>>> print(open('structure.csv').read())   # CSV, C-alpha atoms
chain,number,residue,atom,x,y,z
R,1,MET,CA,45.7,8.0,282.7
R,2,SER,CA,42.1,6.7,283.1
R,3,GLY,CA,39.9,6.4,286.1
R,4,THR,CA,37.9,9.0,288.1
R,5,LEU,CA,38.5,9.4,291.8
R,6,THR,CA,35.2,11.0,292.8
R,7,SER,CA,32.4,9.6,294.9
R,8,ASN,CA,32.0,6.8,292.4
R,9,ARG,CA,35.4,5.3,292.9
R,10,PRO,CA,36.3,2.1,291.1
R,11,SER,CA,37.3,-0.9,293.2
R,12,LEU,CA,38.9,-4.3,292.6
R,13,GLN,CA,38.3,-7.5,294.6
R,14,THR,CA,41.6,-9.4,294.7
R,15,SER,CA,42.0,-13.1,295.0
R,16,TRP,CA,43.1,-12.6,298.6
R,17,GLY,CA,39.8,-11.0,299.5
R,18,LEU,CA,41.2,-7.4,299.7
R,19,ARG,CA,39.2,-4.7,298.1
R,20,LEU,CA,41.2,-2.0,296.4
R,21,ARG,CA,39.7,1.4,296.0
R,22,GLY,CA,40.5,4.8,294.6
R,23,LEU,CA,44.2,5.6,294.3
R,24,THR,CA,45.2,2.1,295.5
R,25,TRP,CA,43.1,0.5,292.8
R,26,LEU,CA,44.6,2.9,290.2
R,27,VAL,CA,48.2,2.2,291.1
R,28,TRP,CA,47.5,-1.6,291.1
R,29,ARG,CA,45.9,-1.2,287.6
R,30,GLN,CA,48.9,0.8,286.3
R,31,ASN,CA,51.4,-1.8,287.5
R,32,ARG,CA,49.3,-5.0,287.4
R,33,LEU,CA,51.3,-6.7,284.7
R,34,ALA,CA,54.6,-6.2,286.6
R,35,PHE,CA,52.9,-7.3,289.8
R,36,TRP,CA,51.5,-10.5,288.4
R,37,ILE,CA,54.8,-11.4,286.7
R,38,GLY,CA,56.6,-10.9,290.0
R,39,ILE,CA,54.0,-12.9,292.0
R,40,GLY,CA,54.1,-15.7,289.4
R,41,ALA,CA,57.9,-15.8,289.4
R,42,ALA,CA,58.0,-15.9,293.2
R,43,LEU,CA,55.6,-18.8,293.4
R,44,ALA,CA,57.6,-20.7,290.7
R,45,VAL,CA,60.9,-20.2,292.6
R,46,ALA,CA,59.2,-21.3,295.8
R,47,ALA,CA,57.9,-24.5,294.3
R,48,TYR,CA,61.2,-25.3,292.7
R,49,ALA,CA,63.1,-24.6,296.0
R,50,ILE,CA,60.8,-26.9,297.9
R,51,VAL,CA,61.5,-29.7,295.5
R,52,ARG,CA,65.3,-29.2,295.6
R,53,HIS,CA,65.3,-28.9,299.4
R,54,GLN,CA,63.5,-32.2,299.7
R,55,GLU,CA,66.0,-33.8,297.3
R,56,MET,CA,68.9,-32.6,299.5
R,57,THR,CA,67.4,-33.7,302.8
R,58,THR,CA,66.7,-37.1,301.3
R,59,ALA,CA,70.2,-37.4,300.0
R,60,ILE,CA,71.6,-36.5,303.4
R,61,ALA,CA,69.5,-39.0,305.2
R,62,GLU,CA,70.1,-41.9,302.7
R,63,GLY,CA,73.8,-41.2,302.5
R,64,HIS,CA,74.1,-40.9,306.3
R,65,LEU,CA,75.9,-37.6,305.8
R,66,ASP,CA,75.0,-36.2,309.2
R,67,ALA,CA,78.1,-38.0,310.6
R,68,CYS,CA,80.2,-35.8,308.3
R,69,ARG,CA,78.5,-32.6,309.4
R,70,GLY,CA,81.0,-30.0,310.6
R,71,THR,CA,84.0,-31.9,309.3
R,72,THR,CA,87.0,-29.5,308.9
R,73,VAL,CA,89.8,-31.8,307.8
R,74,THR,CA,88.0,-34.3,305.6
R,75,ALA,CA,89.5,-37.7,304.9
R,76,GLY,CA,88.4,-41.1,303.8
R,77,ASP,CA,84.7,-41.8,303.4
R,78,CYS,CA,83.5,-38.3,304.5
R,79,SER,CA,85.7,-36.5,302.0
R,80,HIS,CA,84.3,-38.6,299.1
R,81,LYS,CA,80.7,-38.2,300.3
R,82,LEU,CA,80.8,-34.5,300.8
R,83,ASN,CA,82.6,-34.0,297.5
R,84,THR,CA,79.9,-36.0,295.7
R,85,PHE,CA,77.1,-34.1,297.6
R,86,GLY,CA,78.7,-30.8,296.7
R,87,GLN,CA,78.9,-31.6,293.0
R,88,THR,CA,75.3,-32.9,292.9
R,89,TYR,CA,73.6,-30.3,295.0
R,90,GLN,CA,75.8,-27.4,295.9
R,91,PHE,CA,77.1,-26.5,292.4
R,92,PRO,CA,73.5,-26.2,290.8
R,93,LEU,CA,72.6,-23.9,293.7
R,94,ARG,CA,75.4,-21.5,293.1
R,95,ARG,CA,74.0,-19.9,289.9
R,96,PRO,CA,70.6,-19.1,291.4
R,97,LEU,CA,72.3,-17.6,294.4
R,98,GLN,CA,74.5,-15.5,292.2
R,99,ALA,CA,71.5,-14.4,290.2
R,100,MET,CA,69.8,-13.2,293.4
R,101,LEU,CA,72.2,-10.2,293.4
R,102,ALA,CA,70.2,-8.8,290.4
R,103,LEU,CA,66.8,-9.1,292.1
R,104,PRO,CA,67.0,-5.7,294.0
R,105,LEU,CA,68.0,-4.1,290.7
R,106,VAL,CA,65.0,-5.5,289.0
R,107,PHE,CA,62.7,-3.8,291.5
R,108,GLY,CA,64.6,-0.6,291.4
R,109,VAL,CA,64.9,-0.3,287.6
R,110,PHE,CA,61.7,-1.7,286.3
R,111,LEU,CA,59.3,-0.8,289.2
R,112,GLY,CA,60.9,2.1,291.1
R,113,GLY,CA,62.4,4.1,288.2
R,114,PRO,CA,59.3,4.4,286.0
R,115,GLN,CA,56.9,4.7,289.0
R,116,LEU,CA,56.8,8.5,289.1
R,117,ALA,CA,59.0,9.4,286.1
R,118,GLN,CA,56.5,8.1,283.5
R,119,GLU,CA,53.7,10.3,284.9
R,120,LEU,CA,55.8,13.3,285.5
R,121,GLU,CA,57.3,13.1,282.1
R,122,SER,CA,54.0,12.8,280.3
R,123,GLY,CA,52.0,15.0,282.8
R,124,THR,CA,49.3,12.5,283.3
R,125,TYR,CA,49.6,12.8,287.1
R,126,ARG,CA,47.6,16.1,286.8
R,127,THR,CA,44.5,14.1,285.9
R,128,VAL,CA,44.6,12.5,289.3
R,129,CYS,CA,45.4,15.7,291.1
R,130,THR,CA,42.3,17.4,289.6
R,131,GLN,CA,40.0,14.8,291.3
R,132,SER,CA,40.2,16.3,294.8
R,133,VAL,CA,43.5,14.4,295.4
R,134,THR,CA,46.6,16.2,296.7
R,135,GLN,CA,50.0,15.5,295.3
R,136,LEU,CA,51.1,14.0,298.6
R,137,ARG,CA,48.2,11.5,298.6
R,138,TRP,CA,49.0,10.7,295.0
R,139,PHE,CA,52.7,10.1,295.9
R,140,ALA,CA,51.8,8.1,299.1
R,141,ALA,CA,49.7,5.7,297.0
R,142,LYS,CA,52.3,5.5,294.2
R,143,LEU,CA,54.8,4.5,296.9
R,144,LEU,CA,52.8,2.3,299.3
R,145,VAL,CA,51.5,-0.2,296.7
R,146,PRO,CA,54.9,-1.0,295.1
R,147,VAL,CA,56.6,-1.2,298.5
R,148,VAL,CA,54.0,-3.8,299.8
R,149,LEU,CA,54.3,-5.9,296.6
R,150,THR,CA,58.1,-5.6,296.7
R,151,VAL,CA,58.2,-6.9,300.3
R,152,LEU,CA,55.8,-9.7,299.4
R,153,ILE,CA,57.6,-10.8,296.2
R,154,SER,CA,61.2,-10.4,297.4
R,155,GLY,CA,60.3,-12.0,300.8
R,156,THR,CA,58.8,-15.0,299.1
R,157,ILE,CA,61.8,-15.5,296.9
R,158,ALA,CA,64.3,-14.9,299.7
R,159,ALA,CA,62.5,-17.4,301.9
R,160,ALA,CA,62.5,-20.0,299.1
R,161,MET,CA,66.2,-19.5,298.4
R,162,THR,CA,67.0,-19.7,302.1
R,163,TRP,CA,65.0,-23.0,302.4
R,164,TRP,CA,66.9,-24.4,299.4
R,165,TRP,CA,70.3,-23.3,300.7
R,166,ARG,CA,69.9,-24.4,304.3
R,167,PRO,CA,70.6,-28.1,304.1
R,168,ALA,CA,73.7,-27.6,302.0
R,169,GLY,CA,75.0,-24.7,304.1
R,170,SER,CA,74.5,-26.6,307.3
R,171,LEU,CA,76.1,-29.8,306.0
R,172,LEU,CA,79.1,-28.3,304.1
R,173,GLY,CA,79.9,-25.6,306.6
R,174,ALA,CA,83.3,-24.1,305.7
R,175,TRP,CA,83.1,-25.8,302.3
R,176,PHE,CA,80.2,-23.4,301.5
R,177,PRO,CA,81.0,-20.3,303.6
R,178,TRP,CA,78.0,-18.3,304.7
R,179,TRP,CA,79.8,-15.0,304.6
R,180,GLN,CA,80.7,-14.9,300.9
R,181,TRP,CA,78.6,-12.7,298.7
R,182,TYR,CA,76.8,-15.8,297.7
R,183,PRO,CA,75.0,-17.2,299.5
R,184,TYR,CA,74.8,-14.2,301.8
R,185,ASP,CA,73.3,-11.7,299.4
R,186,GLY,CA,70.8,-14.3,298.1
R,187,ILE,CA,69.2,-15.4,301.3
R,188,GLY,CA,67.4,-14.0,304.3
R,189,PRO,CA,66.0,-10.6,305.1
R,190,VAL,CA,68.8,-8.7,303.5
R,191,VAL,CA,67.2,-9.5,300.1
R,192,VAL,CA,64.1,-7.7,301.1
R,193,GLY,CA,66.0,-4.8,302.6
R,194,LEU,CA,68.1,-4.4,299.4
R,195,SER,CA,65.0,-4.7,297.2
R,196,VAL,CA,63.1,-2.0,299.1
R,197,LEU,CA,66.1,0.3,299.1
R,198,SER,CA,66.6,-0.1,295.4
R,199,LEU,CA,62.9,0.5,294.8
R,200,LEU,CA,63.1,3.8,296.8
R,201,ILE,CA,66.3,4.8,294.9
R,202,GLY,CA,64.4,4.4,291.7
R,203,VAL,CA,61.4,6.3,292.9
R,204,THR,CA,63.6,9.2,294.1
R,205,ALA,CA,65.5,9.2,290.9
R,206,GLY,CA,62.3,9.4,288.9
R,207,LEU,CA,60.9,12.2,291.0
R,208,ILE,CA,64.0,14.3,290.7
R,209,LEU,CA,65.0,13.6,287.1
R,210,ARG,CA,61.5,13.4,285.7
R,211,ARG,CA,62.7,11.2,282.8
R,212,THR,CA,61.9,7.5,282.7
R,213,VAL,CA,65.0,6.2,280.8
R,214,LEU,CA,67.3,8.6,282.7
R,215,ALA,CA,65.8,7.5,286.1
R,216,MET,CA,66.2,3.8,285.2
R,217,GLY,CA,69.9,4.3,284.3
R,218,ALA,CA,70.5,6.3,287.4
R,219,THR,CA,68.9,3.6,289.5
R,220,VAL,CA,71.3,1.0,288.2
R,221,VAL,CA,74.3,3.1,289.1
R,222,LEU,CA,73.0,4.3,292.5
R,223,SER,CA,71.7,0.9,293.5
R,224,ALA,CA,74.9,-0.9,292.6
R,225,GLY,CA,76.9,1.7,294.5
R,226,ALA,CA,74.6,1.3,297.6
R,227,MET,CA,75.1,-2.5,297.5
R,228,TYR,CA,78.9,-2.0,297.3
R,229,LEU,CA,78.9,0.4,300.2
R,230,LEU,CA,76.7,-2.0,302.3
R,231,GLU,CA,79.1,-4.8,301.6
R,232,SER,CA,82.0,-2.5,302.8
R,233,VAL,CA,80.3,-1.7,306.1
R,234,ARG,CA,79.0,-5.3,306.7
R,235,THR,CA,81.9,-6.3,308.9
R,236,HIS,CA,81.1,-3.3,311.3
R,237,LEU,CA,77.4,-4.0,311.8
R,238,LEU,CA,78.0,-6.3,314.8
R,239,PRO,CA,80.9,-6.6,317.3
R,240,THR,CA,83.6,-9.0,316.3
R,241,THR,CA,85.2,-11.8,318.5
R,242,LEU,CA,88.9,-11.7,319.2
R,243,THR,CA,90.5,-15.0,320.3
R,244,THR,CA,94.0,-16.0,321.2
R,245,VAL,CA,95.1,-19.7,321.2
R,246,GLN,CA,98.5,-20.9,322.4
R,247,HIS,CA,100.4,-24.0,321.3
R,248,THR,CA,98.9,-24.1,317.8
R,249,SER,CA,99.9,-23.3,314.3
R,250,GLY,CA,96.4,-23.5,312.9
R,251,SER,CA,93.7,-20.9,312.9
R,252,ALA,CA,92.4,-19.5,316.3
R,253,ALA,CA,88.9,-19.1,314.8
R,254,PRO,CA,86.3,-21.8,314.9
R,255,SER,CA,85.2,-23.6,311.8
R,256,ASN,CA,83.1,-21.6,309.3
R,257,ALA,CA,83.8,-18.3,311.0
R,258,TRP,CA,84.2,-15.2,309.0
R,259,VAL,CA,87.8,-14.4,309.7
R,260,LEU,CA,88.6,-10.7,309.3
R,261,SER,CA,92.2,-10.8,310.4
R,262,GLU,CA,94.6,-13.2,312.1
R,263,GLY,CA,98.2,-13.6,312.9
R,264,ALA,CA,100.8,-15.0,315.3
R,265,VAL,CA,101.4,-14.4,319.0
R,266,ASP,CA,104.3,-15.0,321.3
R,267,ALA,CA,104.3,-16.6,324.8
R,268,THR,CA,102.9,-13.4,326.4
R,269,GLY,CA,100.0,-13.2,323.9
R,270,ARG,CA,101.4,-10.2,322.1
R,271,HIS,CA,100.7,-10.0,318.4
R,272,VAL,CA,103.8,-10.5,316.4
R,273,PRO,CA,104.4,-10.7,312.6
R,274,ASP,CA,104.1,-14.0,310.8
R,275,LEU,CA,107.2,-15.7,309.4
R,276,PRO,CA,106.8,-16.6,305.7
R,277,SER,CA,110.3,-18.1,305.8
R,278,CYS,CA,108.9,-21.0,308.0
R,279,TYR,CA,106.6,-22.1,305.2
R,280,THR,CA,109.5,-23.8,303.5
R,281,ALA,CA,111.0,-25.3,306.7
R,282,ASP,CA,111.0,-29.0,307.2
R,283,ASP,CA,109.1,-28.7,310.5
R,284,TYR,CA,106.8,-25.6,310.2
R,285,THR,CA,105.7,-25.7,313.9
R,286,LYS,CA,109.2,-26.1,315.2
R,287,CYS,CA,110.4,-23.2,313.1
R,288,LEU,CA,107.6,-21.0,314.5
R,289,VAL,CA,108.5,-21.9,318.1
R,290,GLN,CA,112.2,-21.3,317.6
R,291,HIS,CA,111.3,-17.8,316.5
R,292,GLY,CA,109.0,-17.2,319.5
R,293,ARG,CA,105.7,-17.8,317.7
R,294,THR,CA,103.8,-19.9,320.1
R,295,GLY,CA,100.2,-19.4,319.1
R,296,ARG,CA,97.7,-17.7,316.9
R,297,TRP,CA,95.1,-14.9,317.2
R,298,ALA,CA,92.0,-14.2,315.1
R,299,GLU,CA,89.3,-11.6,314.8
R,300,PHE,CA,86.1,-13.0,313.3
R,301,HIS,CA,82.3,-13.1,313.1
R,302,PRO,CA,81.2,-16.6,314.2
R,303,SER,CA,78.7,-18.5,312.1
R,304,SER,CA,76.0,-17.8,314.8
R,305,GLN,CA,76.0,-14.2,313.7
R,306,LEU,CA,74.7,-14.9,310.2
R,307,TRP,CA,71.1,-14.0,310.9
R,308,PRO,CA,71.9,-11.1,313.3
R,309,LEU,CA,74.1,-9.6,310.6
R,310,GLN,CA,71.3,-10.2,308.0
R,311,TRP,CA,68.7,-8.4,310.2
R,312,ALA,CA,71.1,-5.5,311.0
R,313,GLU,CA,71.9,-4.9,307.3
R,314,ALA,CA,68.2,-5.2,306.3
R,315,GLY,CA,67.4,-2.7,309.0
R,316,LEU,CA,70.0,-0.3,307.7
R,317,CYS,CA,68.6,-0.7,304.2
R,318,LEU,CA,65.1,0.1,305.4
R,319,LEU,CA,66.4,3.1,307.4
R,320,VAL,CA,68.0,4.6,304.3
R,321,ALA,CA,64.9,3.8,302.3
R,322,GLY,CA,62.8,5.6,304.8
R,323,ALA,CA,65.1,8.6,304.6
R,324,LEU,CA,64.6,8.6,300.8
R,325,ALA,CA,60.9,8.4,301.2
R,326,GLY,CA,61.1,11.4,303.5
R,327,LEU,CA,63.2,13.2,300.9
R,328,CYS,CA,60.5,12.6,298.3
R,329,PHE,CA,57.8,14.0,300.5
R,330,TRP,CA,59.9,17.0,301.2
R,331,TRP,CA,60.7,17.4,297.5
R,332,ILE,CA,57.0,17.3,296.5
R,333,ARG,CA,56.0,19.9,299.2
R,334,ARG,CA,58.9,22.1,298.2
R,335,ARG,CA,58.4,21.9,294.5
R,336,PRO,CA,54.6,21.4,293.8
R,337,SER,CA,54.0,20.8,290.1
>>> encode(input="structure.csv", output="structure tokens")
Amino acid sequence: MSGTLTSNRPSLQTSWGLRLRGLTWLVWRQNRLAFWIGIGAALAVAAYAIVRHQEMTTAIAEGHLDACRGTTVTAGDCSHKLNTFGQTYQFPLRRPLQAMLALPLVFGVFLGGPQLAQELESGTYRTVCTQSVTQLRWFAAKLLVPVVLTVLISGTIAAAMTWWWRPAGSLLGAWFPWWQWYPYDGIGPVVVGLSVLSLLIGVTAGLILRRTVLAMGATVVLSAGAMYLLESVRTHLLPTTLTTVQHTSGSAAPSNAWVLSEGAVDATGRHVPDLPSCYTADDYTKCLVQHGRTGRWAEFHPSSQLWPLQWAEAGLCLLVAGALAGLCFWWIRRRPS
């Protein structure tokens, strides 16, 4: 490691007018290639998303598709128009949204994992700590700069993907459900939360394992596990809505709601089992009524909870990331090297 952190501290004037000094300058210099690649990728995604968003909004306006917005049972002209729109604009959007699931892993594996492990493995961190810099200050700088850049880069990409997805999601509604893993995991603040969490998982793994390759491998496993657990608890982050509707054989939930469970009710509103035997009856509704099934119930998250759910999950990610940062500080104080 090069650079002296004495009274003659090096500095760097960035293109944003920020002057980096001391440890901040050193951490930037150590990671500048990864940072510039990330910033360049974020700007490229943003530019492409703006173009695609404009193409979609133009197609919606020229095709007069606003009249088909919110259509649940499509027929006639609307069915053809929405199907054509989906093939032209929704299908090309699916792959980028699916690829967004890997973005947090990129930050964790290639930025978080090696962040401390490389220096602990080689021992070069001791050079910094002989320049009147404590290990805690060294760790704070090694953590703060990557976190800020992770928020900036992942936030830019998430905002771009959200901007790209919004016209299609708004128009297609239940044809492009917001609650499926894509687009959900590829838009909004949850992308930033997952990226920061994966970064901290990598940093923690590097600090404890002290081997770069081992830390990167552990980050993949732990970050994937964390993402799976978050998806498992997602339904419990906000209260659900329970609705009962009589005199219907259709769903009791509104269009494009995230239905968690549903079933039949009798005339008193009591939940009763469904009757699969009625599926083959000549008159499905009449069969249900004859067996005392007069309506439906549903437990769901309405589409209006998309962004509250996103912010709740992002907040949970940042809370866990903060706990990992606290664990790292404790580990360094407990085990000085």
>>> atom_distance(input="structure.csv", atom1="atom CA of R:Val245", atom2="atom CA of R:Pro308")
26.0 Å
>>> closest_residue(input="structure.csv", among="R:Phe85, R:Trp138, R:Trp179, R:Trp331", to="R:Phe300", atoms="all atoms listed in the file")
R:Trp179
>>> residues_around(input="structure.csv", residues="stretch 263-275 of chain R", least_positions_apart="4", cutoff="7 Å", atoms="only C-alpha atoms", output="JSON, numbers by chain")
{"R": [292, 293, 294, 295, 296, 297, 298]}
>>> write_last_selection(input="structure.csv", atoms="C-alpha atoms", output="PDB file, in the coordinates of the input")
ATOM      1  CA  GLY R 292     109.000 -17.200 319.500  1.00  0.00           C
ATOM      2  CA  ARG R 293     105.700 -17.800 317.700  1.00  0.00           C
ATOM      3  CA  THR R 294     103.800 -19.900 320.100  1.00  0.00           C
ATOM      4  CA  GLY R 295     100.200 -19.400 319.100  1.00  0.00           C
ATOM      5  CA  ARG R 296      97.700 -17.700 316.900  1.00  0.00           C
ATOM      6  CA  TRP R 297      95.100 -14.900 317.200  1.00  0.00           C
ATOM      7  CA  ALA R 298      92.000 -14.200 315.100  1.00  0.00           C
TER       8      ALA R 298
END
>>> atom_distance(input="structure.csv", atom1="atom CA of R:Ala41", atom2="atom CA of R:Leu101")
15.9 Å
>>> residues_near_point(input="structure.csv", point="(59.5, 17.0, 297.5)", cutoff="12 Å", atoms="all atoms listed in the file", output="ChimeraX atom specification")
/R:135-136,139-140,203-208,324-337
>>> closest_residue(input="structure.csv", among="R:Leu194, R:Leu97, R:Val221, R:Leu214", to="R:Trp181", atoms="all atoms listed in the file")
R:Leu97
>>> atom_distance(input="structure.csv", atom1="atom CA of R:Leu309", atom2="atom CA of R:Ala49")
23.6 Å
>>> closest_residue(input="structure.csv", among="R:Val191, R:Ala323, R:Leu120, R:Val106", to="R:Gly217", atoms="only C-alpha atoms")
R:Val106
>>> closest_residue(input="structure.csv", among="R:Leu230, R:Lys286, R:Val45, R:Ala159", to="R:Gly315", atoms="only C-alpha atoms")
R:Leu230
>>> closest_residue(input="structure.csv", among="R:Cys287, R:Ala218, R:Ile157, R:Ala312", to="R:Gly40", atoms="all atoms listed in the file")
R:Ile157
>>> closest_atom_pairs(input="structure.csv", of="stretch 103-213 of chain R", to="stretch 54-58 of chain R", cutoff="9 Å", atoms="only C-alpha atoms", output="JSON lines")
{"residue": "R:Trp164", "atom": "CA", "partner": "R:Met56", "partner_atom": "CA", "distance": 8.4}
{"residue": "R:Pro167", "atom": "CA", "partner": "R:Thr57", "partner_atom": "CA", "distance": 6.6}
{"residue": "R:Ala168", "atom": "CA", "partner": "R:Met56", "partner_atom": "CA", "distance": 7.4}
>>> closest_residue(input="structure.csv", among="R:Cys278, R:Ala321, R:Val51, R:Ile201", to="R:Met216", atoms="all atoms listed in the file")
R:Ile201
>>> residues_around(input="structure.csv", residues="R:Thr88", least_positions_apart="2", cutoff="12 Å", atoms="all atoms listed in the file", output="PDB file with C-alpha atoms, keeping the file's coordinate frame")
ATOM      1  CA  ARG R  52      65.300 -29.200 295.600  1.00  0.00           C
ATOM      2  CA  GLU R  55      66.000 -33.800 297.300  1.00  0.00           C
ATOM      3  CA  MET R  56      68.900 -32.600 299.500  1.00  0.00           C
ATOM      4  CA  ALA R  59      70.200 -37.400 300.000  1.00  0.00           C
ATOM      5  CA  ILE R  60      71.600 -36.500 303.400  1.00  0.00           C
ATOM      6  CA  LYS R  81      80.700 -38.200 300.300  1.00  0.00           C
ATOM      7  CA  LEU R  82      80.800 -34.500 300.800  1.00  0.00           C
ATOM      8  CA  ASN R  83      82.600 -34.000 297.500  1.00  0.00           C
ATOM      9  CA  THR R  84      79.900 -36.000 295.700  1.00  0.00           C
ATOM     10  CA  PHE R  85      77.100 -34.100 297.600  1.00  0.00           C
ATOM     11  CA  GLY R  86      78.700 -30.800 296.700  1.00  0.00           C
ATOM     12  CA  GLN R  90      75.800 -27.400 295.900  1.00  0.00           C
ATOM     13  CA  PHE R  91      77.100 -26.500 292.400  1.00  0.00           C
ATOM     14  CA  PRO R  92      73.500 -26.200 290.800  1.00  0.00           C
ATOM     15  CA  LEU R  93      72.600 -23.900 293.700  1.00  0.00           C
ATOM     16  CA  ARG R  94      75.400 -21.500 293.100  1.00  0.00           C
ATOM     17  CA  ALA R 168      73.700 -27.600 302.000  1.00  0.00           C
TER      18      ALA R 168
END
>>> residues_around(input="structure.csv", residues="R:Leu222", least_positions_apart="2", cutoff="12 Å", atoms="only C-alpha atoms", output="MDAnalysis selection string")
chainID R and resid 104:105 108:109 113 197:205 215:220 224:229
>>> write_last_selection(input="structure.csv", atoms="C-alpha atoms", output="PDB file, keeping the file's coordinate frame")
ATOM      1  CA  PRO R 104      67.000  -5.700 294.000  1.00  0.00           C
ATOM      2  CA  LEU R 105      68.000  -4.100 290.700  1.00  0.00           C
ATOM      3  CA  GLY R 108      64.600  -0.600 291.400  1.00  0.00           C
ATOM      4  CA  VAL R 109      64.900  -0.300 287.600  1.00  0.00           C
ATOM      5  CA  GLY R 113      62.400   4.100 288.200  1.00  0.00           C
ATOM      6  CA  LEU R 197      66.100   0.300 299.100  1.00  0.00           C
ATOM      7  CA  SER R 198      66.600  -0.100 295.400  1.00  0.00           C
ATOM      8  CA  LEU R 199      62.900   0.500 294.800  1.00  0.00           C
ATOM      9  CA  LEU R 200      63.100   3.800 296.800  1.00  0.00           C
ATOM     10  CA  ILE R 201      66.300   4.800 294.900  1.00  0.00           C
ATOM     11  CA  GLY R 202      64.400   4.400 291.700  1.00  0.00           C
ATOM     12  CA  VAL R 203      61.400   6.300 292.900  1.00  0.00           C
ATOM     13  CA  THR R 204      63.600   9.200 294.100  1.00  0.00           C
ATOM     14  CA  ALA R 205      65.500   9.200 290.900  1.00  0.00           C
ATOM     15  CA  ALA R 215      65.800   7.500 286.100  1.00  0.00           C
ATOM     16  CA  MET R 216      66.200   3.800 285.200  1.00  0.00           C
ATOM     17  CA  GLY R 217      69.900   4.300 284.300  1.00  0.00           C
ATOM     18  CA  ALA R 218      70.500   6.300 287.400  1.00  0.00           C
ATOM     19  CA  THR R 219      68.900   3.600 289.500  1.00  0.00           C
ATOM     20  CA  VAL R 220      71.300   1.000 288.200  1.00  0.00           C
ATOM     21  CA  ALA R 224      74.900  -0.900 292.600  1.00  0.00           C
ATOM     22  CA  GLY R 225      76.900   1.700 294.500  1.00  0.00           C
ATOM     23  CA  ALA R 226      74.600   1.300 297.600  1.00  0.00           C
ATOM     24  CA  MET R 227      75.100  -2.500 297.500  1.00  0.00           C
ATOM     25  CA  TYR R 228      78.900  -2.000 297.300  1.00  0.00           C
ATOM     26  CA  LEU R 229      78.900   0.400 300.200  1.00  0.00           C
TER      27      LEU R 229
END
>>> decode(input="structure.csv", residues="stretch 120-124 of chain R", atoms="all heavy atoms", output="PDB file, in the first residue's frame")
ATOM      1  N   LEU R 120      -5.962  -7.481   5.066  1.00  0.00           N
ATOM      2  CA  LEU R 120      -5.686  -8.340   6.216  1.00  0.00           C
ATOM      3  C   LEU R 120      -4.870  -9.561   5.804  1.00  0.00           C
ATOM      4  O   LEU R 120      -4.011 -10.027   6.554  1.00  0.00           O
ATOM      5  CB  LEU R 120      -7.006  -8.783   6.848  1.00  0.00           C
ATOM      6  CG  LEU R 120      -7.808  -7.679   7.554  1.00  0.00           C
ATOM      7  CD1 LEU R 120      -9.185  -8.199   7.954  1.00  0.00           C
ATOM      8  CD2 LEU R 120      -7.060  -7.153   8.774  1.00  0.00           C
ATOM      9  N   GLU R 121      -5.146 -10.073   4.606  1.00  0.00           N
ATOM     10  CA  GLU R 121      -4.422 -11.235   4.113  1.00  0.00           C
ATOM     11  C   GLU R 121      -2.965 -10.902   3.815  1.00  0.00           C
ATOM     12  O   GLU R 121      -2.053 -11.689   4.107  1.00  0.00           O
ATOM     13  CB  GLU R 121      -5.107 -11.775   2.870  1.00  0.00           C
ATOM     14  CG  GLU R 121      -4.540 -13.077   2.349  1.00  0.00           C
ATOM     15  CD  GLU R 121      -5.347 -13.642   1.199  1.00  0.00           C
ATOM     16  OE1 GLU R 121      -6.260 -12.937   0.698  1.00  0.00           O
ATOM     17  OE2 GLU R 121      -5.077 -14.793   0.793  1.00  0.00           O
ATOM     18  N   SER R 122      -2.727  -9.725   3.254  1.00  0.00           N
ATOM     19  CA  SER R 122      -1.364  -9.335   2.885  1.00  0.00           C
ATOM     20  C   SER R 122      -0.635  -8.576   3.993  1.00  0.00           C
ATOM     21  O   SER R 122       0.592  -8.459   3.956  1.00  0.00           O
ATOM     22  CB  SER R 122      -1.407  -8.455   1.627  1.00  0.00           C
ATOM     23  OG  SER R 122      -2.120  -7.253   1.882  1.00  0.00           O
ATOM     24  N   GLY R 123      -1.406  -8.042   4.951  1.00  0.00           N
ATOM     25  CA  GLY R 123      -0.794  -7.286   6.034  1.00  0.00           C
ATOM     26  C   GLY R 123      -0.497  -5.850   5.704  1.00  0.00           C
ATOM     27  O   GLY R 123       0.111  -5.125   6.511  1.00  0.00           O
ATOM     28  N   THR R 124      -0.925  -5.362   4.533  1.00  0.00           N
ATOM     29  CA  THR R 124      -0.604  -3.984   4.134  1.00  0.00           C
ATOM     30  C   THR R 124      -1.337  -2.943   4.962  1.00  0.00           C
ATOM     31  O   THR R 124      -0.943  -1.778   4.960  1.00  0.00           O
ATOM     32  CB  THR R 124      -0.945  -3.774   2.651  1.00  0.00           C
ATOM     33  OG1 THR R 124      -2.310  -4.146   2.425  1.00  0.00           O
ATOM     34  CG2 THR R 124      -0.046  -4.621   1.769  1.00  0.00           C
TER      35      THR R 124
END
